[in-house]
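Visitor: One structure, as structure tokens, below. Some questions next.
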Amino acid sequence: MSSKAHSHDHGHDHGDGHGHDHTHADMTSADSRRRVAIAAVLTAAFMFAEVAGGIISGSLALLADAAHMLTDAGSLALAWVGYKLAERPADATRSYGFSRMKILAAFTNGILLVLLAIWIVWEAIHRLMQPVEVMGGTLMVVAIAGLGVNIIAFLVLHGGSKDDLNMQGALWHVAGDMLGSVAAIAAAAIILTTGWMAADPILSVLVALLVFYAGIRIARQSGHILLEGTPHGLSSDAITADLTAHVPTISGVSHVHAWALTETQRLITLEVTARPGACTELVRRDVKARLLEAFALSHATVEVVSEPL
């Protein structure tokens, strides 16, 4: 046999050997979808109350916050759509299904958070340049009511998955509303006691900075997944070193590619070189078992080549 001839064993274990708990994943997604729906309804309902309060009091601050909540209600609706589409099964043209739709929704929400923060700062600058008379009493009442609604929505979302970027994006939208309500209460107190109208836009900028930071973080994490970035803790050097140290029937590891479908679904493809005389099927199984044990990788495609004789 030619020294260049290699024996190839393409190990694609995409069946029952995955070890994926699809039932648990579906239940988690359904729970997250319900939580986002509840938060969206609460946010949209109070938005109309803020519009009414703003018109009655003539408060631009309340009308601006109502626009803020309208944006958040839309973002929560987008998050819900992401979950709903992610539940659709795989088909002939989408072998992984629509799982990444919630990552795309998270990325979009991250960008919206950044834009929202920029808008708040822009509005604050205008209010500082052209102070607006605000009825402190009405502002205080509506802000306290808004804080109550936002706390309920926050608690509903906070009970969801901590690893779900789509959920975290929705959570930060509500957290921004909650912080905005706290800032509005503080501004109302200052206005009622001192008459200093600049308190409202200044406190709004502080909230905008927190919202901006959250948006950048969520967009960066979801963008990394969308760009097929290597998940944390899955460097090719670490995987190569671990396999060569713990699987004695292989002499080398190459072509390591690790990426993530979602925050929790990590995948890997790689090629290993089996030592002379080693059974390629046993090598493949040993490599897959080690990847599962050391790196929690249940979805691995392993190609085995034999050393030339």
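If you're wondering about the labels, chains in the structure tokens are A, B, ... by order shown, residues count from 1 in each chain, ligands from 1 in order shown.
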Counting only C-alpha atoms, what is within 10 Å of region 256-261 of chain A, bar same-chain residues fewer than 2 positions away, as a ChimeraX atom specification?
Guide: /A:96,98-100,103,224-232,234-237,239-240,253-254,263-272,297,300-302
Visitor: Using only C-alpha atoms, please write the residues we just selected to a file, as a PDB file, in the first residue's frame.
Guide:
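After the write, again-v7.pdb holds the following:
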```pdb
ATOM      1  CA  TYR A  96     -30.176  23.145  12.490  1.00  0.00           C
ATOM      2  CA  PHE A  98     -34.315  28.122  13.538  1.00  0.00           C
ATOM      3  CA  SER A  99     -32.472  27.962  16.867  1.00  0.00           C
ATOM      4  CA  ARG A 100     -30.394  30.998  16.035  1.00  0.00           C
ATOM      5  CA  ILE A 103     -29.635  34.947  19.036  1.00  0.00           C
ATOM      6  CA  HIS A 224     -19.683  36.535  18.571  1.00  0.00           C
ATOM      7  CA  ILE A 225     -22.078  33.588  18.212  1.00  0.00           C
ATOM      8  CA  LEU A 226     -23.444  34.841  14.884  1.00  0.00           C
ATOM      9  CA  LEU A 227     -19.872  35.173  13.549  1.00  0.00           C
ATOM     10  CA  GLU A 228     -19.134  31.524  14.471  1.00  0.00           C
ATOM     11  CA  GLY A 229     -16.704  32.650  17.171  1.00  0.00           C
ATOM     12  CA  THR A 230     -15.023  30.033  19.365  1.00  0.00           C
ATOM     13  CA  PRO A 231     -16.995  29.550  22.607  1.00  0.00           C
ATOM     14  CA  HIS A 232     -15.292  30.393  25.878  1.00  0.00           C
ATOM     15  CA  LEU A 234     -12.879  25.730  23.774  1.00  0.00           C
ATOM     16  CA  SER A 235      -9.541  26.885  22.362  1.00  0.00           C
ATOM     17  CA  SER A 236      -8.038  24.535  19.776  1.00  0.00           C
ATOM     18  CA  ASP A 237      -4.745  24.372  21.709  1.00  0.00           C
ATOM     19  CA  ILE A 239      -8.549  20.638  23.097  1.00  0.00           C
ATOM     20  CA  THR A 240      -5.517  19.304  21.235  1.00  0.00           C
ATOM     21  CA  VAL A 253      -5.127  16.382  16.346  1.00  0.00           C
ATOM     22  CA  SER A 254      -5.776  18.897  13.569  1.00  0.00           C
ATOM     23  CA  GLU A 263     -25.513  30.110  24.077  1.00  0.00           C
ATOM     24  CA  THR A 264     -25.853  26.512  25.269  1.00  0.00           C
ATOM     25  CA  GLN A 265     -25.504  24.457  22.061  1.00  0.00           C
ATOM     26  CA  ARG A 266     -21.785  24.103  21.334  1.00  0.00           C
ATOM     27  CA  LEU A 267     -20.441  22.116  18.384  1.00  0.00           C
ATOM     28  CA  ILE A 268     -17.040  20.937  17.193  1.00  0.00           C
ATOM     29  CA  THR A 269     -15.427  19.266  14.190  1.00  0.00           C
ATOM     30  CA  LEU A 270     -11.874  17.936  14.194  1.00  0.00           C
ATOM     31  CA  GLU A 271      -9.520  15.407  12.651  1.00  0.00           C
ATOM     32  CA  VAL A 272      -7.413  12.966  14.672  1.00  0.00           C
ATOM     33  CA  LEU A 297     -19.334  18.677  23.977  1.00  0.00           C
ATOM     34  CA  ALA A 300     -18.940  16.394  17.811  1.00  0.00           C
ATOM     35  CA  THR A 301     -17.990  15.369  14.281  1.00  0.00           C
ATOM     36  CA  VAL A 302     -14.718  13.437  14.374  1.00  0.00           C
TER      37      VAL A 302
END
```
Visitor: If we count only C-alpha atoms and set the cut-off at 8 Å, which residues sit around Leu243 (chain A), ignoring sequence neighbours fewer than 5 positions away in its own chain? Please answer as a list in words.
Guide: Val253, Val287, Arg290 and Leu291 of chain A
Visitor: Restrict the selected residues to N, CA and C atoms and save them as a JSON list (two decimals), in the first residue's frame.
Guide:
```
[["chain", "number", "residue", "atom", "x", "y", "z"],
["A", 253, "VAL", "N", -3.80, 15.77, 16.51],
["A", 253, "VAL", "CA", -5.13, 16.38, 16.35],
["A", 253, "VAL", "C", -4.98, 17.59, 15.45],
["A", 287, "VAL", "N", -12.46, 9.47, 21.44],
["A", 287, "VAL", "CA", -12.32, 10.93, 21.30],
["A", 287, "VAL", "C", -13.62, 11.63, 21.66],
["A", 290, "ARG", "N", -14.18, 11.59, 25.39],
["A", 290, "ARG", "CA", -13.32, 12.55, 26.09],
["A", 290, "ARG", "C", -13.81, 13.98, 25.90],
["A", 291, "LEU", "N", -14.28, 14.31, 24.71],
["A", 291, "LEU", "CA", -14.80, 15.65, 24.45],
["A", 291, "LEU", "C", -16.03, 15.92, 25.32]]
```
Visitor: Just the residues within 12 Å of Ala153 (chain A), please, counting only C-alpha atoms, with nothing from its chain fewer than 6 positions along; format it as a ChimeraX atom specification.
Guide: /A:34-46,72-73,76,146-147,159-160,170-178
Visitor: Once you have the residues from the selection above, write them out as a short mmCIF file (atom, residue, chain, number, x, y, z; two decimals), in the first residue's frame, restricted to N, CA, C and O atoms.
Guide:
```cif
data_model
loop_
_atom_site.label_atom_id
_atom_site.label_comp_id
_atom_site.auth_asym_id
_atom_site.auth_seq_id
_atom_site.Cartn_x
_atom_site.Cartn_y
_atom_site.Cartn_z
N ARG A 34 -43.14 32.63 27.55
CA ARG A 34 -44.26 33.09 28.39
C ARG A 34 -43.86 34.29 29.24
O ARG A 34 -44.62 35.25 29.38
N ARG A 35 -42.67 34.24 29.79
CA ARG A 35 -42.20 35.35 30.63
C ARG A 35 -42.06 36.63 29.82
O ARG A 35 -42.45 37.72 30.27
N VAL A 36 -41.52 36.53 28.62
CA VAL A 36 -41.35 37.70 27.76
C VAL A 36 -42.72 38.26 27.36
O VAL A 36 -42.91 39.48 27.31
N ALA A 37 -43.68 37.38 27.08
CA ALA A 37 -45.02 37.82 26.70
C ALA A 37 -45.69 38.61 27.83
O ALA A 37 -46.30 39.66 27.60
N ILE A 38 -45.56 38.11 29.06
CA ILE A 38 -46.14 38.81 30.22
C ILE A 38 -45.51 40.19 30.37
O ILE A 38 -46.21 41.20 30.58
N ALA A 39 -44.17 40.26 30.27
CA ALA A 39 -43.48 41.54 30.41
C ALA A 39 -43.89 42.51 29.30
O ALA A 39 -44.04 43.72 29.54
N ALA A 40 -44.07 42.00 28.08
CA ALA A 40 -44.46 42.86 26.96
C ALA A 40 -45.85 43.45 27.19
O ALA A 40 -46.07 44.65 26.94
N VAL A 41 -46.79 42.63 27.68
CA VAL A 41 -48.15 43.12 27.94
C VAL A 41 -48.15 44.18 29.04
O VAL A 41 -48.80 45.23 28.92
N LEU A 42 -47.39 43.93 30.11
CA LEU A 42 -47.31 44.90 31.21
C LEU A 42 -46.72 46.22 30.73
O LEU A 42 -47.24 47.30 31.05
N THR A 43 -45.64 46.13 29.95
CA THR A 43 -44.98 47.34 29.46
C THR A 43 -45.88 48.13 28.52
O THR A 43 -46.00 49.36 28.63
N ALA A 44 -46.54 47.44 27.59
CA ALA A 44 -47.41 48.13 26.64
C ALA A 44 -48.61 48.76 27.34
O ALA A 44 -49.01 49.89 27.01
N ALA A 45 -49.16 48.06 28.33
CA ALA A 45 -50.33 48.59 29.04
C ALA A 45 -49.98 49.87 29.79
O ALA A 45 -50.73 50.86 29.73
N PHE A 46 -48.84 49.87 30.48
CA PHE A 46 -48.50 51.07 31.24
C PHE A 46 -48.07 52.22 30.33
O PHE A 46 -48.18 53.39 30.71
N ASP A 72 -39.42 49.59 24.14
CA ASP A 72 -39.18 48.38 24.91
C ASP A 72 -40.25 47.32 24.66
O ASP A 72 -39.95 46.13 24.60
N ALA A 73 -41.50 47.76 24.53
CA ALA A 73 -42.58 46.80 24.24
C ALA A 73 -42.32 46.12 22.89
O ALA A 73 -42.50 44.91 22.75
N LEU A 76 -39.48 43.61 23.39
CA LEU A 76 -39.96 42.40 24.06
C LEU A 76 -40.76 41.53 23.09
O LEU A 76 -40.66 40.30 23.11
N GLY A 146 -45.21 53.48 37.57
CA GLY A 146 -44.36 52.84 36.57
C GLY A 146 -43.31 51.95 37.18
O GLY A 146 -43.01 50.86 36.67
N LEU A 147 -42.74 52.39 38.32
CA LEU A 147 -41.74 51.57 39.00
C LEU A 147 -42.36 50.26 39.45
O LEU A 147 -41.74 49.19 39.32
N GLY A 159 -36.72 35.47 36.58
CA GLY A 159 -36.87 34.06 36.91
C GLY A 159 -36.53 33.14 35.75
O GLY A 159 -36.52 31.92 35.91
N GLY A 160 -36.23 33.70 34.59
CA GLY A 160 -35.90 32.90 33.42
C GLY A 160 -34.44 32.47 33.40
O GLY A 160 -33.69 32.69 34.36
N ALA A 170 -34.02 41.18 26.83
CA ALA A 170 -35.34 41.62 27.28
C ALA A 170 -35.27 42.14 28.71
O ALA A 170 -35.89 43.15 29.06
N LEU A 171 -34.51 41.44 29.54
CA LEU A 171 -34.38 41.83 30.95
C LEU A 171 -33.77 43.22 31.09
O LEU A 171 -34.22 44.04 31.91
N TRP A 172 -32.77 43.50 30.27
CA TRP A 172 -32.11 44.81 30.37
C TRP A 172 -33.00 45.93 29.84
O TRP A 172 -32.89 47.07 30.28
N HIS A 173 -33.85 45.63 28.89
CA HIS A 173 -34.81 46.65 28.44
C HIS A 173 -35.73 47.04 29.61
O HIS A 173 -35.96 48.23 29.86
N VAL A 174 -36.22 46.04 30.33
CA VAL A 174 -37.09 46.31 31.47
C VAL A 174 -36.30 46.97 32.60
O VAL A 174 -36.79 47.86 33.29
N ALA A 175 -35.05 46.52 32.80
CA ALA A 175 -34.21 47.14 33.83
C ALA A 175 -33.98 48.62 33.51
O ALA A 175 -33.96 49.47 34.43
N GLY A 176 -33.82 48.93 32.21
CA GLY A 176 -33.68 50.33 31.83
C GLY A 176 -34.92 51.13 32.18
O GLY A 176 -34.82 52.28 32.66
N ASP A 177 -36.09 50.53 31.95
CA ASP A 177 -37.35 51.19 32.34
C ASP A 177 -37.42 51.39 33.84
O ASP A 177 -37.86 52.43 34.34
N MET A 178 -37.00 50.36 34.58
CA MET A 178 -37.05 50.42 36.04
C MET A 178 -36.13 51.52 36.57
O MET A 178 -36.51 52.31 37.44
#
```
Visitor: What's the 12 Å shell around region 180-197 of chain A, counting only C-alpha atoms, without same-chain residues fewer than 6 positions away, as a PyMOL selection string?
Guide: chain A and resi 50+59-62+64-66+68-69+117+120+124+127-151+172-174+203-211
Visitor: Just the strand (DSSP E or B) stuff from region 111-280 of chain A, please, per backbone DSSP, written as a list in words.
Guide: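 After running DSSP on the backbone, region 111-280 of chain A has strand (DSSP E or B) at Ile250, Ser251, Gly252, Val253, Ser254, His255, Val256, His257, Ala258, Trp259, Ala260, Arg266, Leu267, Ile268, Thr269, Leu270, Glu271, Val272, Thr273 and Ala274 of chain A.
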Visitor: Go ahead and save the residues from that selection, with N, CA, C and O atoms, as a PDB file, in the first residue's frame.
Guide:
```pdb
ATOM      1  N   ILE A 250      -4.214   7.954  19.745  1.00  0.00           N
ATOM      2  CA  ILE A 250      -4.045   8.965  18.698  1.00  0.00           C
ATOM      3  C   ILE A 250      -2.663   9.603  18.820  1.00  0.00           C
ATOM      4  O   ILE A 250      -2.092   9.704  19.914  1.00  0.00           O
ATOM      5  N   SER A 251      -2.138  10.047  17.688  1.00  0.00           N
ATOM      6  CA  SER A 251      -0.811  10.677  17.671  1.00  0.00           C
ATOM      7  C   SER A 251      -0.880  12.155  17.314  1.00  0.00           C
ATOM      8  O   SER A 251       0.120  12.865  17.417  1.00  0.00           O
ATOM      9  N   GLY A 252      -2.057  12.623  16.895  1.00  0.00           N
ATOM     10  CA  GLY A 252      -2.159  14.032  16.530  1.00  0.00           C
ATOM     11  C   GLY A 252      -3.605  14.475  16.379  1.00  0.00           C
ATOM     12  O   GLY A 252      -4.500  13.658  16.165  1.00  0.00           O
ATOM     13  N   VAL A 253      -3.801  15.773  16.510  1.00  0.00           N
ATOM     14  CA  VAL A 253      -5.127  16.382  16.346  1.00  0.00           C
ATOM     15  C   VAL A 253      -4.982  17.594  15.449  1.00  0.00           C
ATOM     16  O   VAL A 253      -4.039  18.390  15.613  1.00  0.00           O
ATOM     17  N   SER A 254      -5.871  17.750  14.483  1.00  0.00           N
ATOM     18  CA  SER A 254      -5.776  18.897  13.569  1.00  0.00           C
ATOM     19  C   SER A 254      -7.166  19.329  13.113  1.00  0.00           C
ATOM     20  O   SER A 254      -8.162  18.663  13.405  1.00  0.00           O
ATOM     21  N   HIS A 255      -7.198  20.469  12.397  1.00  0.00           N
ATOM     22  CA  HIS A 255      -8.455  20.996  11.829  1.00  0.00           C
ATOM     23  C   HIS A 255      -9.561  21.110  12.882  1.00  0.00           C
ATOM     24  O   HIS A 255     -10.691  20.664  12.659  1.00  0.00           O
ATOM     25  N   VAL A 256      -9.209  21.686  14.023  1.00  0.00           N
ATOM     26  CA  VAL A 256     -10.191  21.848  15.101  1.00  0.00           C
ATOM     27  C   VAL A 256     -11.020  23.109  14.847  1.00  0.00           C
ATOM     28  O   VAL A 256     -10.477  24.208  14.709  1.00  0.00           O
ATOM     29  N   HIS A 257     -12.324  22.939  14.779  1.00  0.00           N
ATOM     30  CA  HIS A 257     -13.234  24.080  14.598  1.00  0.00           C
ATOM     31  C   HIS A 257     -14.361  23.950  15.614  1.00  0.00           C
ATOM     32  O   HIS A 257     -15.160  23.012  15.552  1.00  0.00           O
ATOM     33  N   ALA A 258     -14.428  24.897  16.549  1.00  0.00           N
ATOM     34  CA  ALA A 258     -15.480  24.900  17.565  1.00  0.00           C
ATOM     35  C   ALA A 258     -16.304  26.168  17.418  1.00  0.00           C
ATOM     36  O   ALA A 258     -15.769  27.252  17.204  1.00  0.00           O
ATOM     37  N   TRP A 259     -17.621  26.024  17.519  1.00  0.00           N
ATOM     38  CA  TRP A 259     -18.507  27.187  17.425  1.00  0.00           C
ATOM     39  C   TRP A 259     -19.767  26.894  18.223  1.00  0.00           C
ATOM     40  O   TRP A 259     -19.915  25.823  18.818  1.00  0.00           O
ATOM     41  N   ALA A 260     -20.675  27.839  18.260  1.00  0.00           N
ATOM     42  CA  ALA A 260     -21.905  27.666  19.030  1.00  0.00           C
ATOM     43  C   ALA A 260     -23.102  27.986  18.158  1.00  0.00           C
ATOM     44  O   ALA A 260     -23.098  28.952  17.398  1.00  0.00           O
ATOM     45  N   ARG A 266     -23.137  23.960  21.869  1.00  0.00           N
ATOM     46  CA  ARG A 266     -21.785  24.103  21.334  1.00  0.00           C
ATOM     47  C   ARG A 266     -21.455  22.899  20.460  1.00  0.00           C
ATOM     48  O   ARG A 266     -21.794  21.768  20.791  1.00  0.00           O
ATOM     49  N   LEU A 267     -20.759  23.165  19.350  1.00  0.00           N
ATOM     50  CA  LEU A 267     -20.441  22.116  18.384  1.00  0.00           C
ATOM     51  C   LEU A 267     -18.956  22.148  18.051  1.00  0.00           C
ATOM     52  O   LEU A 267     -18.297  23.184  18.203  1.00  0.00           O
ATOM     53  N   ILE A 268     -18.452  21.005  17.553  1.00  0.00           N
ATOM     54  CA  ILE A 268     -17.040  20.937  17.193  1.00  0.00           C
ATOM     55  C   ILE A 268     -16.835  19.925  16.070  1.00  0.00           C
ATOM     56  O   ILE A 268     -17.542  18.915  15.985  1.00  0.00           O
ATOM     57  N   THR A 269     -15.904  20.230  15.184  1.00  0.00           N
ATOM     58  CA  THR A 269     -15.427  19.266  14.190  1.00  0.00           C
ATOM     59  C   THR A 269     -13.904  19.225  14.306  1.00  0.00           C
ATOM     60  O   THR A 269     -13.266  20.248  14.581  1.00  0.00           O
ATOM     61  N   LEU A 270     -13.324  18.060  14.116  1.00  0.00           N
ATOM     62  CA  LEU A 270     -11.874  17.936  14.194  1.00  0.00           C
ATOM     63  C   LEU A 270     -11.418  16.652  13.513  1.00  0.00           C
ATOM     64  O   LEU A 270     -12.232  15.761  13.219  1.00  0.00           O
ATOM     65  N   GLU A 271     -10.133  16.592  13.261  1.00  0.00           N
ATOM     66  CA  GLU A 271      -9.520  15.407  12.651  1.00  0.00           C
ATOM     67  C   GLU A 271      -8.452  14.891  13.596  1.00  0.00           C
ATOM     68  O   GLU A 271      -7.648  15.671  14.129  1.00  0.00           O
ATOM     69  N   VAL A 272      -8.443  13.580  13.828  1.00  0.00           N
ATOM     70  CA  VAL A 272      -7.413  12.966  14.672  1.00  0.00           C
ATOM     71  C   VAL A 272      -6.686  11.893  13.870  1.00  0.00           C
ATOM     72  O   VAL A 272      -7.268  11.257  12.992  1.00  0.00           O
ATOM     73  N   THR A 273      -5.416  11.707  14.198  1.00  0.00           N
ATOM     74  CA  THR A 273      -4.605  10.682  13.532  1.00  0.00           C
ATOM     75  C   THR A 273      -4.445   9.494  14.464  1.00  0.00           C
ATOM     76  O   THR A 273      -3.929   9.642  15.584  1.00  0.00           O
ATOM     77  N   ALA A 274      -4.924   8.330  14.028  1.00  0.00           N
ATOM     78  CA  ALA A 274      -4.845   7.119  14.851  1.00  0.00           C
ATOM     79  C   ALA A 274      -3.464   6.487  14.734  1.00  0.00           C
ATOM     80  O   ALA A 274      -2.847   6.509  13.667  1.00  0.00           O
TER      81      ALA A 274
END
```
Visitor: Grab the CA of Thr262 (chain A) to CA of Leu104 (chain A) distance for me, in Å with one decimal place.
Guide: 9.9 Å
Visitor: Pick the closest to Gly82 (chain A) from A:Lys288, A:Arg94, A:Lys102, A:Arg220: which is it, counting only C-alpha atoms?
Guide: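 Ranked by minimum distance to Gly82 (chain A), first place goes to A:Lys102.
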